[in-house]
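Here is the file upload.txt (compact mmCIF, C-alpha atoms).
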# COMPACT_ATOMS: atom_id res chain seq x y z
CA MET A 2 58.26 76.74 78.91
CA GLY A 3 60.23 78.97 76.53
CA LYS A 4 61.02 81.44 79.29
CA ILE A 5 62.11 78.63 81.63
CA ARG A 6 64.37 77.15 78.93
CA LYS A 7 65.96 80.55 78.27
CA THR A 8 66.49 81.09 81.99
CA LEU A 9 68.21 77.70 82.39
CA MET A 10 70.43 78.36 79.37
CA ALA A 11 71.43 81.76 80.71
CA ALA A 12 72.23 80.25 84.10
CA ALA A 13 74.34 77.52 82.49
CA ILE A 14 76.28 80.08 80.42
CA ALA A 15 76.87 82.26 83.48
CA ALA A 16 78.06 79.28 85.53
CA GLY A 17 80.41 78.14 82.78
CA THR A 18 81.79 81.66 82.34
CA SER A 19 82.45 82.06 86.05
CA MET A 20 84.03 78.61 86.46
CA ALA A 21 86.34 78.88 83.46
CA PRO A 22 88.76 81.41 85.06
CA VAL A 23 88.84 79.36 88.25
CA ALA A 24 89.77 76.22 86.31
CA ALA A 25 92.41 78.13 84.39
CA LEU A 26 93.94 79.51 87.58
CA GLN A 27 94.05 76.02 89.08
CA THR A 28 95.78 74.69 85.99
CA CYS A 29 98.31 77.53 86.04
CA ALA A 30 98.94 76.98 89.72
CA GLN A 31 99.87 73.35 89.07
CA GLU A 32 102.23 74.15 86.19
CA MET A 33 105.22 76.41 85.76
CA THR A 34 107.64 77.21 82.96
CA ASN A 35 111.36 76.64 83.34
CA ALA A 36 114.17 78.72 81.84
CA ASN A 37 114.10 76.70 78.54
CA GLY A 38 110.41 77.38 77.97
CA GLU A 39 109.36 73.83 78.84
CA VAL A 40 106.26 73.34 80.91
CA VAL A 41 106.78 71.22 83.99
CA SER A 42 104.24 70.12 86.53
CA GLN A 43 104.43 71.48 90.05
CA ASP A 44 104.65 68.91 92.79
CA THR A 45 101.60 69.77 94.90
CA SER A 46 102.30 66.95 97.33
CA LYS A 47 105.43 68.69 98.60
CA PRO A 48 104.67 70.67 101.76
CA VAL A 49 104.94 74.44 101.47
CA LYS A 50 107.49 76.01 103.76
CA LYS A 51 105.91 78.60 106.00
CA GLY A 52 107.55 81.51 107.79
CA GLY A 53 108.55 81.54 111.41
CA GLY A 54 105.72 83.82 112.49
CA PHE A 55 105.99 87.35 113.80
CA PHE A 56 109.32 86.63 115.49
CA GLN A 57 110.80 85.76 112.11
CA ILE A 58 109.29 88.91 110.58
CA VAL A 59 110.88 91.14 113.22
CA PHE A 60 114.31 89.54 113.48
CA GLY A 61 114.59 87.95 110.03
CA SER A 62 115.81 91.10 108.30
CA GLY A 63 118.90 91.61 110.43
CA ILE A 64 119.88 94.15 113.06
CA VAL A 65 118.69 97.14 111.04
CA GLY A 66 115.26 95.59 110.55
CA ALA A 67 114.99 94.74 114.26
CA LEU A 68 115.91 98.32 115.17
CA LEU A 69 113.25 99.64 112.79
CA TRP A 70 110.64 97.38 114.37
CA MET A 71 111.68 98.60 117.82
CA ALA A 72 111.27 102.17 116.58
CA LEU A 73 107.80 101.31 115.26
CA PHE A 74 106.84 99.78 118.60
CA GLY A 75 108.12 102.87 120.42
CA ASP A 76 106.23 105.13 118.04
CA GLY A 77 103.04 103.18 118.68
CA VAL A 78 103.47 103.35 122.45
CA LEU A 79 104.06 107.11 122.31
CA ALA A 80 101.04 107.58 120.05
CA ILE A 81 98.86 105.72 122.57
CA TYR A 82 100.27 107.79 125.44
CA PHE A 83 99.68 111.13 123.72
CA CYS A 84 96.18 110.10 122.60
CA VAL A 85 95.19 109.16 126.16
CA ASP A 86 96.82 112.30 127.60
CA SER A 87 95.05 114.56 125.10
CA TYR A 88 91.75 112.77 125.59
CA ILE A 89 91.96 113.45 129.33
CA LEU A 90 92.99 117.07 128.72
CA VAL A 91 90.42 118.01 126.07
CA LYS A 92 87.28 117.62 128.13
CA PRO A 93 84.65 120.24 129.03
CA GLU A 94 84.93 119.55 132.76
CA LYS A 95 88.73 119.89 132.51
CA LEU A 96 88.85 123.10 130.47
CA MET A 97 85.61 124.60 131.82
CA PRO A 98 85.13 123.48 135.44
CA PRO A 99 81.46 123.77 136.45
CA LYS A 100 82.46 125.17 139.86
CA LEU A 101 84.36 128.01 138.19
CA ILE A 102 81.43 128.92 135.97
CA ASP A 103 79.00 128.88 138.90
CA ASP A 104 81.25 131.03 141.11
CA VAL A 105 81.95 133.58 138.38
CA GLN A 106 78.30 133.74 137.36
CA LYS A 107 77.28 134.38 140.98
CA ALA A 108 79.97 137.05 141.41
CA MET A 109 79.04 138.83 138.17
CA ALA A 110 75.36 138.80 139.16
CA GLU A 111 76.36 140.68 142.30
CA GLY A 112 78.75 142.98 140.39
CA ASP A 113 81.73 141.77 142.43
CA ILE A 114 84.70 141.66 140.04
CA VAL A 115 87.13 140.95 142.88
CA ALA A 116 85.22 137.79 143.86
CA ALA A 117 85.18 136.69 140.23
CA MET A 118 88.97 137.10 139.99
CA GLU A 119 89.42 135.14 143.22
CA ALA A 120 87.29 132.33 141.77
CA CYS A 121 89.60 132.23 138.73
CA GLN A 122 92.65 132.01 140.99
CA ASN A 123 91.12 129.23 143.08
CA THR A 124 90.18 127.11 140.04
CA PRO A 125 93.06 127.22 137.52
CA SER A 126 92.08 126.13 134.02
CA ALA A 127 91.95 127.40 130.46
CA MET A 128 88.61 129.08 131.19
CA SER A 129 89.98 130.82 134.27
CA ASN A 130 92.92 132.16 132.24
CA ILE A 131 90.56 133.69 129.68
CA LEU A 132 88.34 135.18 132.37
CA ALA A 133 91.31 136.55 134.30
CA ALA A 134 92.61 138.26 131.16
CA ALA A 135 89.22 139.93 130.77
CA PHE A 136 88.93 141.01 134.41
CA GLN A 137 92.40 142.55 134.38
CA HIS A 138 91.24 145.06 131.74
CA VAL A 139 87.79 145.71 133.13
CA GLU A 140 88.62 149.37 133.77
CA GLU A 141 89.78 150.01 130.20
CA GLY A 142 86.47 149.64 128.38
CA PHE A 143 84.62 146.86 126.61
CA ASP A 144 86.66 147.01 123.41
CA VAL A 145 89.89 146.43 125.31
CA ILE A 146 88.23 143.60 127.24
CA GLN A 147 87.16 141.93 124.01
CA GLU A 148 90.67 142.15 122.57
CA ALA A 149 92.10 140.65 125.76
CA VAL A 150 89.62 137.78 125.62
CA ASN A 151 90.49 137.03 121.99
CA ALA A 152 94.22 137.12 122.73
CA ALA A 153 93.82 134.81 125.75
CA SER A 154 91.66 132.41 123.70
CA ASP A 155 94.31 132.24 120.97
CA LEU A 156 96.97 131.56 123.59
CA GLU A 157 94.98 128.72 125.17
CA GLN A 158 94.28 127.24 121.74
CA GLU A 159 97.98 127.31 120.92
CA LYS A 160 98.75 125.51 124.21
CA LEU A 161 96.29 122.76 123.35
CA MET A 162 97.60 122.44 119.80
CA GLN A 163 101.15 122.01 121.09
CA ARG A 164 100.00 118.99 123.09
CA LEU A 165 97.95 117.56 120.23
CA THR A 166 100.70 118.03 117.67
CA TRP A 167 102.69 115.17 119.21
CA ILE A 168 99.95 112.78 118.05
CA SER A 169 100.40 114.10 114.51
CA VAL A 170 104.18 113.62 114.81
CA CYS A 171 103.71 109.97 115.79
CA SER A 172 101.24 109.41 112.96
CA ASN A 173 103.71 110.84 110.43
CA LEU A 174 106.64 108.85 111.78
CA GLY A 175 104.82 105.51 111.38
CA PRO A 176 104.67 105.40 107.54
CA SER A 177 108.18 106.88 107.30
CA LEU A 178 109.66 104.15 109.48
CA GLY A 179 107.64 101.53 107.61
CA LEU A 180 108.87 102.80 104.25
CA LEU A 181 112.45 102.80 105.51
CA GLY A 182 112.04 99.19 106.60
CA THR A 183 110.59 98.28 103.20
CA VAL A 184 113.51 99.93 101.39
CA GLN A 185 115.99 98.14 103.65
CA GLY A 186 114.26 94.81 103.02
CA MET A 187 114.24 95.36 99.25
CA ILE A 188 117.95 96.18 99.37
CA LEU A 189 118.62 92.86 101.08
CA THR A 190 116.42 91.10 98.53
CA PHE A 191 118.31 92.51 95.55
CA ASP A 192 121.61 91.74 97.24
CA SER A 193 120.44 88.14 97.46
CA LEU A 194 119.51 88.18 93.77
CA ALA A 195 122.90 89.62 92.86
CA ALA A 196 124.58 86.85 94.84
CA GLY A 197 122.79 84.21 92.76
CA GLY A 198 119.81 83.53 94.95
CA ALA A 199 117.22 83.76 92.18
CA GLY A 200 116.62 80.01 92.22
CA ASP A 201 115.15 79.98 95.74
CA ALA A 202 111.76 81.57 95.07
CA ALA A 203 110.46 80.80 98.57
CA ALA A 204 113.33 82.63 100.26
CA LEU A 205 112.95 85.55 97.86
CA ALA A 206 109.21 85.82 98.57
CA ASN A 207 109.90 85.59 102.30
CA SER A 208 112.35 88.50 102.11
CA ILE A 209 109.88 90.65 100.18
CA GLY A 210 107.15 89.75 102.67
CA GLN A 211 109.34 90.84 105.59
CA ALA A 212 110.00 94.14 103.82
CA LEU A 213 106.30 94.82 103.26
CA TRP A 214 105.38 93.97 106.83
CA THR A 215 107.17 97.10 108.07
CA THR A 216 104.97 99.26 105.84
CA ALA A 217 101.90 97.52 107.24
CA GLY A 218 103.17 98.15 110.78
CA GLY A 219 103.68 101.84 110.04
CA LEU A 220 100.15 102.17 108.65
CA ILE A 221 98.71 100.36 111.67
CA VAL A 222 100.27 103.06 113.87
CA SER A 223 99.46 105.96 111.56
CA ILE A 224 95.77 105.44 110.72
CA PRO A 225 94.38 105.40 114.31
CA SER A 226 96.76 108.19 115.36
CA ILE A 227 95.77 110.61 112.61
CA THR A 228 92.09 109.84 113.24
CA ALA A 229 92.49 110.58 116.96
CA PHE A 230 94.44 113.77 116.20
CA TYR A 231 91.78 115.35 113.98
CA SER A 232 88.99 114.28 116.33
CA LEU A 233 90.70 115.79 119.38
CA ARG A 234 91.72 118.91 117.49
CA ASN A 235 88.17 119.62 116.37
CA ASN A 236 86.89 119.01 119.89
CA ALA A 237 89.51 121.40 121.31
CA ASN A 238 88.56 124.12 118.81
CA ARG A 239 84.89 123.76 119.71
CA LEU A 240 85.67 124.07 123.42
CA ILE A 241 87.81 127.17 122.85
CA LEU A 242 84.98 128.84 120.94
CA ARG A 243 82.55 127.84 123.68
CA MET A 244 84.79 129.28 126.41
CA THR A 245 85.12 132.55 124.49
CA ALA A 246 81.35 132.79 124.06
CA VAL A 247 80.69 132.07 127.75
CA THR A 248 83.25 134.70 128.77
CA MET A 249 81.63 137.33 126.58
CA GLU A 250 78.25 136.46 128.05
CA PHE A 251 79.61 137.06 131.54
CA LEU A 252 81.05 140.41 130.48
CA ASN A 253 78.12 141.50 128.34
CA GLY A 254 76.85 143.70 131.16
CA LEU A 255 80.00 145.82 130.89
CA ARG A 256 79.34 146.75 127.27
CA ASN A 257 77.71 150.12 128.01
CA VAL A 258 79.81 150.98 131.03
CA GLU A 259 81.71 154.25 130.63
CA VAL A 260 85.06 154.44 132.35
CA ALA A 261 85.97 157.77 133.91
CA THR A 262 89.62 158.57 134.45
CA GLY A 263 91.02 160.84 137.14
CA GLU A 264 91.42 163.75 134.71
CA GLU A 265 87.77 163.56 133.71
CA ALA A 266 86.48 163.65 137.31
CA PRO A 267 84.13 166.56 137.99
CA VAL A 268 85.59 169.51 139.90
CA GLU A 269 83.45 171.18 142.54
CA GLU A 270 83.21 174.96 142.39
CA VAL A 271 83.77 176.95 145.55
Once you've parsed the file, please lay out its structure as structure tokens.
Amino acid sequence: MGKIRKTLMAAAIAAGTSMAPVAALQTCAQEMTNANGEVVSQDTSKPVKKGGGFFQIVFGSGIVGALLWMALFGDGVLAIYFCVDSYILVKPEKLMPPKLIDDVQKAMAEGDIVAAMEACQNTPSAMSNILAAAFQHVEEGFDVIQEAVNAASDLEQEKLMQRLTWISVCSNLGPSLGLLGTVQGMILTFDSLAAGGAGDAAALANSIGQALWTTAGGLIVSIPSITAFYSLRNNANRLILRMTAVTMEFLNGLRNVEVATGEEAPVEEV
């Protein structure tokens, strides 16, 4: 019985402790202090004026605010376009066509470098560019071939990064445009205060809310864009490394090949 009594007392104390702040907040919500320090009751029966919805948020801050929202919309549309474009581009079957790999593998098994180069020309892609760079230096030794492959891989990686960078640009523009809209909204708010609009608390809160909505819009554009950028960038880097490794596997049989120049050709004795 003693343990039950202690448990009930602890529960009662916890309930009272948790309900006390709620009751205090309700009391404070129903009362407010005027400029003379007198406490007056708030008329809770008076309906609260609500905003005009998203239309009011976009066009309620004037022409400058509407232009900033149009810029945010445009930034979001461009971010979606570049994300979809990069997603289509950065795919294994797009960068490394299976037909190209099969044709080159068959040609290298037969030792036919010319057929392998023709396969690269018939199937243009990032992989074919790397392979073509290697085949063009096949007569200069394996070290030169390896340097050509690395240079071609870096070039293809730079091409991919130039496409992906536009996603990063859109993700960085979003918060900047949102912050600019917030600053513009706060400027209008303080102008209203300077003009003697401190008495209308609802209008003041509405102006501040419109200013903060632009920041929220910028973050809505930025967060998915930056996530897509890093995901696509990592995928592109993995594919570039994979293409380089596959190319070196194709050319591994040329490692011990010695190249003889015309000056080193044997001369027959008469």
Record the distance separating atom CA of Thr183 of chain A and atom CA of Leu213 of chain A, expressed in Å with one decimal.
->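 Interatomic distance, atom CA of Thr183 of chain A to atom CA of Leu213 of chain A: 5.5 Å.
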From atom CA of Gly219 of chain A to atom CA of Pro176 of chain A the spacing works out at 4.5 Å
Provide the atom CA of Val105 of chain A to atom CA of Ala120 of chain A distance in Å, to one decimal place.
->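 Going from atom CA of Val105 of chain A over to atom CA of Ala120 of chain A, I get 6.4 Å.
Among the candidate residues A:Ala237, A:Val184, A:Leu174, A:Ile209, the one lying nearest to Leu73 of chain A is A:Leu174, with distances computed using all atoms listed in the file.
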Got a sec to check which residues sit within 8 Å of (95.9, 124.7, 131.9), counting all atoms listed in the file, and write them as a list in words?
->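 Taken together, the residues in range are Leu96, Pro125, Ser126, Ala127 and Glu157 of chain A.
Of the residues under consideration (A:Gln106, A:Met244, A:Leu181, A:Met97), A:Leu181 shows the shortest atom-to-atom contact distance to Ala72 of chain A when counting only C-alpha atoms.
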Spatial neighbours of Gln137 of chain A, 12 Å, only C-alpha atoms, chain gap at least 6 places, as number ranges by chain = A: 114-115, 117-119, 121, 129-131, 143, 145-150, 153
